[in-house]
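Heads up, the thing below is written out as structure tokens.
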Amino acid sequence: MDDFERFRQLMNGGYPCISIATHEERYALEIVRQTAMSMDRDMWIWSVAEGVKEGILAGSPGINSTDTPAAGLANLSGAKPGSICVTLDLAEHLKGGKALRFLRDMIENYDKTGVTVVMIDSTDKVPDVIKSYTRPFEISFPDEEELKGIIRATLLRLHRKKPIEVGITKRGLNTIVRNLRGLTRRQAVRIISDTVTADQRFDDNDINVVIANKRQMIQQGGLLEYVKTPLDLSEIGGMRQLKKWLNQRKDAFGRDATEFGLEAPRGVLMLGVQGAGKSLCAKAIATAWHQPLLRMDPGALYASFIGESERNLREALRQTEAMSPVILWIDEIEKAFASAASRSADGGLSQRMFGSLLTWMQEHEAPVFLVATANDIEALPPELLRKGRFDEIFFVDLPDKTVRKEIFAIHLKKRGRDVSKFDLKALAEASEGYSGSEIEQAVISALHEAYADKAKLDTSRIISAVETSPPLSVTMAESVQCLLAWAKGRCVPAD
């Protein structure tokens with residue numbers, strides 16, 4: 001069902017108050033307006049700017065002296081039985097007093113009047129006493145067909161102002177539509193407008209512009225980050241078992257896989273020593289599978305208002321599903337929900353947030369592949385490690401000698417060096433106990449030294465850089481050994 005059908009069904013359910021928290025106010029009003037017309041019900045709209053006015057006819061004047069919340073609700077309470085009364089940004093005015101009392105009376109008299117109150121607000125700040133009577137309604141993200149309609153309508157509107165040259169192919173249009181998924185209608189209009197206004201053209205060359213604008217728009221929201229993924233699996237040394245596992249599942253999101261009887265993979269949890277390459281794998285998976293990568297920052301989810309943190313999490317997950325198929329990356333997940341594993345002073349917020357995430361992980365149907373990384377086993381709530389939450393739990397160990405040779409070769413090639421001129425065996429032996437990131441930093445440090453001395457980079461300089469910087473496995477030997485002991489027999493080795 002689309003939004004219009006869902007809202008009409010809600011109206012037929014006989015709810016006295018419906019709450020819509022959205023930034024797409026115009027679209028929400030159109031849903032209510034179309035429903036009122038189809039059900040032959042009167043519609044009234046209140047806002048602090050215009051007071052009460054008739055809601056179906058465009059441009060209707062406001063009724064005098066109804067612009068305050070109390071006066072507006074007092075007027076709406078006398079509406080014809082069966083009317084739909086819409087309030088705009090009322091929630092922030094309901095801290096007490098007459099307005100709250102009038103609204104409660106309207107809701108409680110629903111059985112007598114049949115008047116439905118529809119509250120449209122930009123944020124979910126409805127008082128608890130009203131929430132107990134209220135049925136929330138979520139505006140969906142536009143699907144691909146609606147996005148195509150939005151693109152056509154936007155191009156026509158802009159073309160009337162100034163001619164636009166349209167030369168996009170069907171494949172290019174489908175790519176742009178796919179990259180607009182997960183955005184609101186208003187955001188999609190804005191991106192298309194910004195893309196076309198630059199050169200008055202709309203063609204296949206605009207695909208990268210759309211992707212860049214979408215990345216910027218998503219990051220403005222603060223809940224999700226659109227991550228560039230230049231890496232592929234060949235740029236990560238070792239991890240042979242993980243790479244094999246991923247290669248076997250890279251085509252499992254398609255229709256052929258579904259017809260074969262396969263379900264889309266749900267995700268992996270990667271545990272291991274810091275700097276071993278867990279975060280790199282998240283980026284490489286997205287590149288190898290040709291899917292966008294979204295990073296969720298759990299710290300940005302937490303808000304000061306009661307209930308807003310949970311709503312932020314739901315919204316982030318809902319947006320992720322709307323953009324599917326997609327890779328969702330939660331880095332150092334144990335830090336995000338550490339207090340969920342024990343009693344904390346946050347009133348149970350972390351436990352509720354963690355519970356919401358677990359429920360979503362278990363029940364979501366959209367093809368979203370979750371990549372979670374963690375360094376501290378003891379901080380992880382045990383529920384996260386239960387089979388079924390993830391398809392597999394991999395342990396990323398410190399690289400052995402063979403893998404260390406691969407990592408040195410990767411970073412030397414990356415910096416334009418001829419690998420055959422370096423003694424990779426000697427480098428691997430000198431870097432016993434070093435992680436992949438520590439090996440990279442040793443190469444970078446040796447490069448700085450060679451550049452300052454106006455000399456060539458050679459094996460001895462890199463070995464010197466390795467020896468002057470002890471690895472984490474030495475400075476934190478006890479915790480690393482504890483981690484290795486825990487993982488043995490509990491996780492699948494990544495290599």
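Ordered as shown in the structure tokens, chains take letters A, B, and onward, while each chain numbers its residues from 1 and ligands are numbered from 1 in the order shown.
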
Pull the strand (DSSP E or B) assignments for segment 132-321 of chain A out of DSSP run on the backbone, and list those residues as a list in words. Thr134, Arg135, Pro136, Glu165, Val166, Arg201, Phe202, Leu224, Glu225, Tyr226, Val227, Gly267, Val268, Leu269, Met270, Leu271, Gly272, Leu293, Leu294, Arg295 and Met296 of chain A

Need to verify the contact set: Asp42 of chain A, 10 Å, only C-alpha atoms, exclusion of same-chain residues closer than 3 positions in sequence. Can you return it as a list of chain:residue names? A:Arg33, A:Ala36, A:Met37, A:Met39, A:Glu54, A:Gly55, A:Ile56, A:Ala79, A:Lys80, A:Pro81, A:Gly82, A:Ser83, A:Ile84, A:Cys85, A:Val115

Go ahead and dump the residues you just picked, N, CA and C atoms, as a tab-separated table (two decimals), in the first residue's frame.
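Contents of the output file part26.tsv:
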```tsv
chain	number	residue	atom	x	y	z
A	33	ARG	N	-5.56	15.77	2.76
A	33	ARG	CA	-6.55	16.43	1.90
A	33	ARG	C	-7.23	15.43	0.96
A	36	ALA	N	-9.60	13.26	3.00
A	36	ALA	CA	-10.82	13.98	3.37
A	36	ALA	C	-11.79	14.05	2.20
A	37	MET	N	-11.28	14.32	1.00
A	37	MET	CA	-12.13	14.40	-0.19
A	37	MET	C	-12.73	13.04	-0.53
A	39	MET	N	-13.34	10.59	1.46
A	39	MET	CA	-14.27	10.15	2.49
A	39	MET	C	-15.40	11.14	2.73
A	54	GLU	N	-10.15	26.79	6.27
A	54	GLU	CA	-10.69	25.64	5.55
A	54	GLU	C	-9.54	24.94	4.85
A	55	GLY	N	-9.52	23.58	4.90
A	55	GLY	CA	-8.33	22.87	4.47
A	55	GLY	C	-8.34	22.30	3.08
A	56	ILE	N	-9.49	22.17	2.45
A	56	ILE	CA	-9.54	21.55	1.13
A	56	ILE	C	-9.34	22.56	0.01
A	79	ALA	N	-16.05	21.95	15.40
A	79	ALA	CA	-16.17	21.54	13.99
A	79	ALA	C	-17.32	20.55	13.82
A	80	LYS	N	-17.81	20.48	12.59
A	80	LYS	CA	-18.89	19.56	12.25
A	80	LYS	C	-18.48	18.12	12.57
A	81	PRO	N	-19.37	17.30	13.14
A	81	PRO	CA	-19.04	15.90	13.44
A	81	PRO	C	-18.45	15.18	12.23
A	82	GLY	N	-17.38	14.43	12.48
A	82	GLY	CA	-16.72	13.69	11.40
A	82	GLY	C	-15.63	14.46	10.70
A	83	SER	N	-15.40	15.72	11.10
A	83	SER	CA	-14.37	16.53	10.43
A	83	SER	C	-12.97	16.02	10.74
A	84	ILE	N	-12.04	16.40	9.87
A	84	ILE	CA	-10.62	16.13	10.10
A	84	ILE	C	-9.97	17.48	10.41
A	85	CYS	N	-9.40	17.61	11.62
A	85	CYS	CA	-8.79	18.86	12.06
A	85	CYS	C	-7.28	18.69	12.12
A	115	VAL	N	-14.70	13.61	15.41
A	115	VAL	CA	-13.70	14.53	14.87
A	115	VAL	C	-12.30	13.95	15.10
```

Pick out the closest residue to Lys250 of chain A from this set: A:Arg8, A:Gly167, A:Ala71, A:Ala284. Count only C-alpha atoms.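 With only C-alpha atoms as the atom set, the closest residue is A:Ala284.
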
Nearby residues (only C-alpha atoms) at most 12 Å from Lys456 of chain A, same-chain spacing under 2 positions excluded, as a list in words: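 Contacts, in chain order: Arg417, Asp418, Lys421, Phe422, Ala446, Leu447, His448, Glu449, Ala450, Tyr451, Ala452, Asp453, Lys454, Asp458, Thr459, Ser460, Arg461 and Ile462 of chain A.
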
Running DSSP on the backbone, which parts of segment 166-252 of chain A land in helix (DSSP H, G or I), as a PDB file with N, CA and C atoms, in the first residue's frame?
```
ATOM      1  N   LYS A 170      18.255   5.534 -20.816  1.00  0.00           N
ATOM      2  CA  LYS A 170      17.401   4.793 -19.886  1.00  0.00           C
ATOM      3  C   LYS A 170      18.236   4.207 -18.753  1.00  0.00           C
ATOM      4  N   ARG A 171      19.403   3.694 -19.087  1.00  0.00           N
ATOM      5  CA  ARG A 171      20.280   3.126 -18.067  1.00  0.00           C
ATOM      6  C   ARG A 171      20.757   4.206 -17.097  1.00  0.00           C
ATOM      7  N   GLY A 172      21.094   5.377 -17.642  1.00  0.00           N
ATOM      8  CA  GLY A 172      21.535   6.478 -16.794  1.00  0.00           C
ATOM      9  C   GLY A 172      20.436   6.949 -15.858  1.00  0.00           C
ATOM     10  N   LEU A 173      19.200   7.016 -16.385  1.00  0.00           N
ATOM     11  CA  LEU A 173      18.068   7.423 -15.553  1.00  0.00           C
ATOM     12  C   LEU A 173      17.847   6.422 -14.425  1.00  0.00           C
ATOM     13  N   ASN A 174      17.915   5.142 -14.742  1.00  0.00           N
ATOM     14  CA  ASN A 174      17.727   4.120 -13.710  1.00  0.00           C
ATOM     15  C   ASN A 174      18.809   4.198 -12.638  1.00  0.00           C
ATOM     16  N   THR A 175      20.046   4.518 -13.051  1.00  0.00           N
ATOM     17  CA  THR A 175      21.139   4.654 -12.082  1.00  0.00           C
ATOM     18  C   THR A 175      20.896   5.841 -11.159  1.00  0.00           C
ATOM     19  N   ILE A 176      20.442   6.957 -11.719  1.00  0.00           N
ATOM     20  CA  ILE A 176      20.153   8.139 -10.899  1.00  0.00           C
ATOM     21  C   ILE A 176      19.006   7.859  -9.941  1.00  0.00           C
ATOM     22  N   VAL A 177      17.968   7.198 -10.446  1.00  0.00           N
ATOM     23  CA  VAL A 177      16.821   6.863  -9.587  1.00  0.00           C
ATOM     24  C   VAL A 177      17.267   5.972  -8.440  1.00  0.00           C
ATOM     25  N   ARG A 178      18.098   4.978  -8.756  1.00  0.00           N
ATOM     26  CA  ARG A 178      18.577   4.070  -7.717  1.00  0.00           C
ATOM     27  C   ARG A 178      19.379   4.817  -6.652  1.00  0.00           C
ATOM     28  N   ASN A 179      20.129   5.822  -7.071  1.00  0.00           N
ATOM     29  CA  ASN A 179      20.945   6.579  -6.127  1.00  0.00           C
ATOM     30  C   ASN A 179      20.152   7.623  -5.358  1.00  0.00           C
ATOM     31  N   LEU A 180      18.920   7.891  -5.789  1.00  0.00           N
ATOM     32  CA  LEU A 180      18.058   8.817  -5.040  1.00  0.00           C
ATOM     33  C   LEU A 180      17.242   8.094  -3.973  1.00  0.00           C
ATOM     34  N   ARG A 185      11.114  13.231  -0.633  1.00  0.00           N
ATOM     35  CA  ARG A 185      10.697  13.848  -1.896  1.00  0.00           C
ATOM     36  C   ARG A 185      11.312  15.228  -2.065  1.00  0.00           C
ATOM     37  N   ARG A 186      11.329  15.976  -0.994  1.00  0.00           N
ATOM     38  CA  ARG A 186      11.907  17.321  -1.071  1.00  0.00           C
ATOM     39  C   ARG A 186      13.405  17.261  -1.360  1.00  0.00           C
ATOM     40  N   GLN A 187      14.107  16.311  -0.741  1.00  0.00           N
ATOM     41  CA  GLN A 187      15.536  16.173  -0.999  1.00  0.00           C
ATOM     42  C   GLN A 187      15.813  15.768  -2.435  1.00  0.00           C
ATOM     43  N   ALA A 188      14.986  14.859  -2.980  1.00  0.00           N
ATOM     44  CA  ALA A 188      15.164  14.434  -4.382  1.00  0.00           C
ATOM     45  C   ALA A 188      14.971  15.616  -5.324  1.00  0.00           C
ATOM     46  N   VAL A 189      13.946  16.431  -5.076  1.00  0.00           N
ATOM     47  CA  VAL A 189      13.703  17.622  -5.912  1.00  0.00           C
ATOM     48  C   VAL A 189      14.898  18.562  -5.841  1.00  0.00           C
ATOM     49  N   ARG A 190      15.415  18.756  -4.653  1.00  0.00           N
ATOM     50  CA  ARG A 190      16.544  19.682  -4.484  1.00  0.00           C
ATOM     51  C   ARG A 190      17.782  19.198  -5.232  1.00  0.00           C
ATOM     52  N   ILE A 191      18.063  17.888  -5.155  1.00  0.00           N
ATOM     53  CA  ILE A 191      19.246  17.355  -5.833  1.00  0.00           C
ATOM     54  C   ILE A 191      19.117  17.495  -7.354  1.00  0.00           C
ATOM     55  N   ILE A 192      17.958  17.143  -7.892  1.00  0.00           N
ATOM     56  CA  ILE A 192      17.759  17.279  -9.344  1.00  0.00           C
ATOM     57  C   ILE A 192      17.860  18.738  -9.761  1.00  0.00           C
ATOM     58  N   SER A 193      17.288  19.632  -8.972  1.00  0.00           N
ATOM     59  CA  SER A 193      17.349  21.064  -9.289  1.00  0.00           C
ATOM     60  C   SER A 193      18.791  21.560  -9.291  1.00  0.00           C
ATOM     61  N   ASP A 194      19.554  21.201  -8.263  1.00  0.00           N
ATOM     62  CA  ASP A 194      20.954  21.629  -8.189  1.00  0.00           C
ATOM     63  C   ASP A 194      21.776  21.044  -9.325  1.00  0.00           C
ATOM     64  N   THR A 195      21.483  19.800  -9.705  1.00  0.00           N
ATOM     65  CA  THR A 195      22.232  19.133 -10.772  1.00  0.00           C
ATOM     66  C   THR A 195      22.003  19.806 -12.112  1.00  0.00           C
ATOM     67  N   VAL A 196      20.760  20.156 -12.406  1.00  0.00           N
ATOM     68  CA  VAL A 196      20.408  20.726 -13.708  1.00  0.00           C
ATOM     69  C   VAL A 196      20.799  22.196 -13.809  1.00  0.00           C
ATOM     70  N   THR A 197      20.663  22.935 -12.724  1.00  0.00           N
ATOM     71  CA  THR A 197      20.901  24.379 -12.756  1.00  0.00           C
ATOM     72  C   THR A 197      22.331  24.716 -13.128  1.00  0.00           C
ATOM     73  N   ASP A 204      23.815  11.562 -18.747  1.00  0.00           N
ATOM     74  CA  ASP A 204      24.510  10.525 -17.977  1.00  0.00           C
ATOM     75  C   ASP A 204      25.691  11.071 -17.170  1.00  0.00           C
ATOM     76  N   ASN A 205      26.230  12.209 -17.587  1.00  0.00           N
ATOM     77  CA  ASN A 205      27.351  12.794 -16.856  1.00  0.00           C
ATOM     78  C   ASN A 205      26.939  13.317 -15.480  1.00  0.00           C
ATOM     79  N   ASP A 206      25.623  13.416 -15.265  1.00  0.00           N
ATOM     80  CA  ASP A 206      25.130  13.942 -13.986  1.00  0.00           C
ATOM     81  C   ASP A 206      25.049  12.872 -12.901  1.00  0.00           C
ATOM     82  N   ILE A 207      25.343  11.620 -13.248  1.00  0.00           N
ATOM     83  CA  ILE A 207      25.243  10.541 -12.257  1.00  0.00           C
ATOM     84  C   ILE A 207      26.162  10.808 -11.074  1.00  0.00           C
ATOM     85  N   ASN A 208      27.416  11.157 -11.343  1.00  0.00           N
ATOM     86  CA  ASN A 208      28.367  11.404 -10.258  1.00  0.00           C
ATOM     87  C   ASN A 208      27.991  12.637  -9.452  1.00  0.00           C
ATOM     88  N   VAL A 209      27.385  13.614 -10.122  1.00  0.00           N
ATOM     89  CA  VAL A 209      26.944  14.826  -9.413  1.00  0.00           C
ATOM     90  C   VAL A 209      25.829  14.469  -8.434  1.00  0.00           C
ATOM     91  N   VAL A 210      24.898  13.625  -8.879  1.00  0.00           N
ATOM     92  CA  VAL A 210      23.798  13.190  -8.015  1.00  0.00           C
ATOM     93  C   VAL A 210      24.338  12.424  -6.809  1.00  0.00           C
ATOM     94  N   ILE A 211      25.284  11.511  -7.049  1.00  0.00           N
ATOM     95  CA  ILE A 211      25.865  10.726  -5.954  1.00  0.00           C
ATOM     96  C   ILE A 211      26.566  11.636  -4.952  1.00  0.00           C
ATOM     97  N   ALA A 212      27.336  12.617  -5.451  1.00  0.00           N
ATOM     98  CA  ALA A 212      28.047  13.539  -4.561  1.00  0.00           C
ATOM     99  C   ALA A 212      27.071  14.372  -3.742  1.00  0.00           C
ATOM    100  N   ASN A 213      26.004  14.855  -4.385  1.00  0.00           N
ATOM    101  CA  ASN A 213      25.006  15.658  -3.672  1.00  0.00           C
ATOM    102  C   ASN A 213      24.274  14.829  -2.627  1.00  0.00           C
ATOM    103  N   LYS A 214      23.996  13.569  -2.977  1.00  0.00           N
ATOM    104  CA  LYS A 214      23.322  12.692  -2.022  1.00  0.00           C
ATOM    105  C   LYS A 214      24.223  12.443  -0.816  1.00  0.00           C
ATOM    106  N   ARG A 215      25.503  12.200  -1.074  1.00  0.00           N
ATOM    107  CA  ARG A 215      26.440  11.954   0.027  1.00  0.00           C
ATOM    108  C   ARG A 215      26.453  13.153   0.974  1.00  0.00           C
ATOM    109  N   GLN A 216      26.494  14.357   0.403  1.00  0.00           N
ATOM    110  CA  GLN A 216      26.515  15.562   1.223  1.00  0.00           C
ATOM    111  C   GLN A 216      25.221  15.727   2.009  1.00  0.00           C
ATOM    112  N   MET A 217      24.087  15.414   1.379  1.00  0.00           N
ATOM    113  CA  MET A 217      22.785  15.591   2.022  1.00  0.00           C
ATOM    114  C   MET A 217      22.594  14.596   3.159  1.00  0.00           C
ATOM    115  N   ILE A 218      23.004  13.352   2.956  1.00  0.00           N
ATOM    116  CA  ILE A 218      22.874  12.340   4.006  1.00  0.00           C
ATOM    117  C   ILE A 218      23.710  12.716   5.218  1.00  0.00           C
ATOM    118  N   GLN A 219      24.918  13.223   4.980  1.00  0.00           N
ATOM    119  CA  GLN A 219      25.808  13.555   6.084  1.00  0.00           C
ATOM    120  C   GLN A 219      25.342  14.787   6.843  1.00  0.00           C
ATOM    121  N   GLN A 220      24.538  15.640   6.191  1.00  0.00           N
ATOM    122  CA  GLN A 220      23.979  16.789   6.901  1.00  0.00           C
ATOM    123  C   GLN A 220      23.027  16.337   7.996  1.00  0.00           C
ATOM    124  N   GLY A 221      22.363  15.188   7.784  1.00  0.00           N
ATOM    125  CA  GLY A 221      21.439  14.670   8.787  1.00  0.00           C
ATOM    126  C   GLY A 221      22.142  14.195  10.037  1.00  0.00           C
ATOM    127  N   LEU A 233      39.037  -5.941  -2.288  1.00  0.00           N
ATOM    128  CA  LEU A 233      39.599  -6.981  -1.433  1.00  0.00           C
ATOM    129  C   LEU A 233      41.066  -7.278  -1.736  1.00  0.00           C
ATOM    130  N   SER A 234      41.506  -6.997  -2.967  1.00  0.00           N
ATOM    131  CA  SER A 234      42.899  -7.270  -3.315  1.00  0.00           C
ATOM    132  C   SER A 234      43.863  -6.335  -2.596  1.00  0.00           C
ATOM    133  N   GLU A 235      43.365  -5.232  -2.042  1.00  0.00           N
ATOM    134  CA  GLU A 235      44.215  -4.276  -1.342  1.00  0.00           C
ATOM    135  C   GLU A 235      44.315  -4.581   0.149  1.00  0.00           C
ATOM    136  N   ARG A 240      42.109 -14.835   4.001  1.00  0.00           N
ATOM    137  CA  ARG A 240      41.693 -15.712   2.915  1.00  0.00           C
ATOM    138  C   ARG A 240      40.316 -16.325   3.150  1.00  0.00           C
ATOM    139  N   GLN A 241      40.038 -16.769   4.373  1.00  0.00           N
ATOM    140  CA  GLN A 241      38.736 -17.391   4.637  1.00  0.00           C
ATOM    141  C   GLN A 241      37.602 -16.371   4.535  1.00  0.00           C
ATOM    142  N   LEU A 242      37.840 -15.163   5.031  1.00  0.00           N
ATOM    143  CA  LEU A 242      36.833 -14.106   4.936  1.00  0.00           C
ATOM    144  C   LEU A 242      36.572 -13.742   3.471  1.00  0.00           C
ATOM    145  N   LYS A 243      37.632 -13.610   2.694  1.00  0.00           N
ATOM    146  CA  LYS A 243      37.478 -13.262   1.272  1.00  0.00           C
ATOM    147  C   LYS A 243      36.700 -14.347   0.534  1.00  0.00           C
ATOM    148  N   LYS A 244      37.017 -15.607   0.830  1.00  0.00           N
ATOM    149  CA  LYS A 244      36.296 -16.712   0.188  1.00  0.00           C
ATOM    150  C   LYS A 244      34.812 -16.668   0.552  1.00  0.00           C
ATOM    151  N   TRP A 245      34.525 -16.439   1.826  1.00  0.00           N
ATOM    152  CA  TRP A 245      33.141 -16.363   2.309  1.00  0.00           C
ATOM    153  C   TRP A 245      32.391 -15.239   1.601  1.00  0.00           C
ATOM    154  N   LEU A 246      33.032 -14.093   1.449  1.00  0.00           N
ATOM    155  CA  LEU A 246      32.399 -12.936   0.803  1.00  0.00           C
ATOM    156  C   LEU A 246      32.200 -13.181  -0.694  1.00  0.00           C
ATOM    157  N   ASN A 247      33.190 -13.769  -1.341  1.00  0.00           N
ATOM    158  CA  ASN A 247      33.066 -14.042  -2.782  1.00  0.00           C
ATOM    159  C   ASN A 247      31.929 -15.017  -3.080  1.00  0.00           C
ATOM    160  N   GLN A 248      31.709 -15.965  -2.183  1.00  0.00           N
ATOM    161  CA  GLN A 248      30.619 -16.913  -2.374  1.00  0.00           C
ATOM    162  C   GLN A 248      29.247 -16.247  -2.275  1.00  0.00           C
ATOM    163  N   ARG A 249      29.173 -15.113  -1.621  1.00  0.00           N
ATOM    164  CA  ARG A 249      27.878 -14.462  -1.365  1.00  0.00           C
ATOM    165  C   ARG A 249      27.683 -13.145  -2.106  1.00  0.00           C
TER     166      ARG A 249
END
```

Just the residues within 12 Å of Lys125 of chain A, please, counting only C-alpha atoms, with nothing from its chain fewer than 4 positions along; format it as a tab-separated table (two decimals) with N, CA and C atoms, in the first residue's frame.
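What ended up in result04.tsv:
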```tsv
chain	number	residue	atom	x	y	z
A	19	SER	N	-0.61	11.21	14.69
A	19	SER	CA	0.58	12.07	14.74
A	19	SER	C	1.49	11.77	13.56
A	20	ILE	N	1.90	12.82	12.84
A	20	ILE	CA	2.83	12.67	11.72
A	20	ILE	C	4.04	13.56	11.99
A	21	ALA	N	5.18	12.96	12.27
A	21	ALA	CA	6.44	13.71	12.47
A	21	ALA	C	7.22	13.65	11.16
A	22	THR	N	7.34	14.78	10.49
A	22	THR	CA	7.97	14.80	9.16
A	22	THR	C	8.43	16.20	8.81
A	89	ASP	N	2.66	22.10	13.65
A	89	ASP	CA	3.64	22.48	14.68
A	89	ASP	C	2.97	22.86	15.99
A	90	LEU	N	2.00	22.05	16.40
A	90	LEU	CA	1.31	22.30	17.66
A	90	LEU	C	2.05	21.73	18.87
A	91	ALA	N	2.79	20.63	18.66
A	91	ALA	CA	3.36	19.88	19.78
A	91	ALA	C	4.18	20.75	20.73
A	92	GLU	N	4.96	21.68	20.16
A	92	GLU	CA	5.83	22.50	21.01
A	92	GLU	C	5.05	23.50	21.86
A	93	HIS	N	3.75	23.68	21.59
A	93	HIS	CA	2.91	24.61	22.36
A	93	HIS	C	2.11	23.88	23.44
A	94	LEU	N	2.32	22.56	23.59
A	94	LEU	CA	1.48	21.78	24.49
A	94	LEU	C	2.18	21.46	25.81
A	95	LYS	N	2.81	22.44	26.40
A	95	LYS	CA	3.51	22.20	27.67
A	95	LYS	C	2.56	22.33	28.86
A	119	MET	N	-2.05	15.67	13.89
A	119	MET	CA	-0.97	16.57	14.29
A	119	MET	C	0.23	16.36	13.37
A	120	ILE	N	0.59	17.39	12.61
A	120	ILE	CA	1.76	17.34	11.73
A	120	ILE	C	2.82	18.24	12.34
A	121	ASP	N	3.93	17.63	12.77
A	121	ASP	CA	5.02	18.37	13.41
A	121	ASP	C	6.34	17.99	12.78
A	129	VAL	N	0.88	12.40	27.64
A	129	VAL	CA	-0.55	12.25	27.88
A	129	VAL	C	-1.34	12.22	26.57
A	130	ILE	N	-0.83	12.89	25.54
A	130	ILE	CA	-1.47	12.86	24.22
A	130	ILE	C	-1.05	11.60	23.46
A	131	LYS	N	0.22	11.20	23.63
A	131	LYS	CA	0.71	10.00	22.93
A	131	LYS	C	-0.10	8.76	23.28
A	136	PRO	N	0.78	6.95	15.70
A	136	PRO	CA	1.76	7.58	14.80
A	136	PRO	C	1.62	7.08	13.37
A	304	SER	N	18.94	14.57	23.76
A	304	SER	CA	18.58	14.95	25.13
A	304	SER	C	17.11	14.73	25.44
A	305	PHE	N	16.25	14.76	24.43
A	305	PHE	CA	14.82	14.61	24.68
A	305	PHE	C	14.43	13.15	24.82
A	306	ILE	N	13.52	12.88	25.74
A	306	ILE	CA	13.05	11.51	25.98
A	306	ILE	C	12.39	10.97	24.72
A	307	GLY	N	12.82	9.79	24.30
A	307	GLY	CA	12.24	9.14	23.14
A	307	GLY	C	12.86	9.51	21.81
A	308	GLU	N	13.64	10.63	21.78
A	308	GLU	CA	14.19	11.08	20.51
A	308	GLU	C	15.35	10.19	20.04
A	311	ARG	N	13.92	7.24	18.37
A	311	ARG	CA	13.36	7.64	17.08
A	311	ARG	C	14.48	7.85	16.06
```

Of the listed residues A:Ser445, A:Thr402, A:Ser38, A:Thr320, that which approaches Leu224 of chain A most closely, counting only C-alpha atoms: A:Thr320

As an mmCIF file with C-alpha atoms, in the first residue's frame, please: the residues near Ala99 of chain A (cut-off 7 Å, only C-alpha atoms, same-chain neighbours under 6 positions excluded).
```cif
data_model
loop_
_atom_site.group_PDB
_atom_site.id
_atom_site.type_symbol
_atom_site.label_atom_id
_atom_site.label_comp_id
_atom_site.auth_asym_id
_atom_site.auth_seq_id
_atom_site.Cartn_x
_atom_site.Cartn_y
_atom_site.Cartn_z
ATOM 1 C CA PRO A 69 -3.051 27.440 20.139
ATOM 2 C CA ALA A 70 -5.850 27.704 22.740
ATOM 3 C CA LEU A 73 -8.266 24.437 19.325
#
```

Surrounding residues of Ile407 of chain A excluding itself and chain neighbours under 4 positions, 10 Å, only C-alpha atoms, as a PyMOL selection string: chain A and resi 235-238+399+401-403+411-413+424+428+435-437+439-440

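Of the residues under consideration (A:Gln351, A:Asn75, A:Thr116, A:Ser65), A:Gln351 shows the shortest atom-to-atom contact distance to Pro381 of chain A when counting only C-alpha atoms.
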
For a test of reading the model, state the distance in Å between atom CA of Arg181 of chain A and atom CA of Ala322 of chain A, rounded to one decimal.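 One can read the atom CA of Arg181 of chain A to atom CA of Ala322 of chain A distance as 6.1 Å.
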
Out of A:Val371, A:Ala264, A:Leu380, A:Ala430, which residue has the shortest atom-to-atom distance to Ala465 of chain A when counting only C-alpha atoms?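 Comparing A:Val371, A:Ala264, A:Leu380, A:Ala430 against Ala465 of chain A, the winner is A:Ala430.
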
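You can rank A:Gly114, A:Leu29, A:Gly277, A:Gln441 by their closest distance to Gly13 of chain A using only C-alpha atoms, and at the top of that list sits A:Gly114.
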
Which residues come within 10 Å of segment 296-300 of chain A, counting only C-alpha atoms, excluding same-chain residues fewer than 6 positions away, as a PyMOL selection string? chain A and resi 221-226+309+312-313+316-317+320+328-333+335-337+353

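Note that atom CA of Met43 of chain A and atom CA of Ala28 of chain A are 13.6 Å apart.
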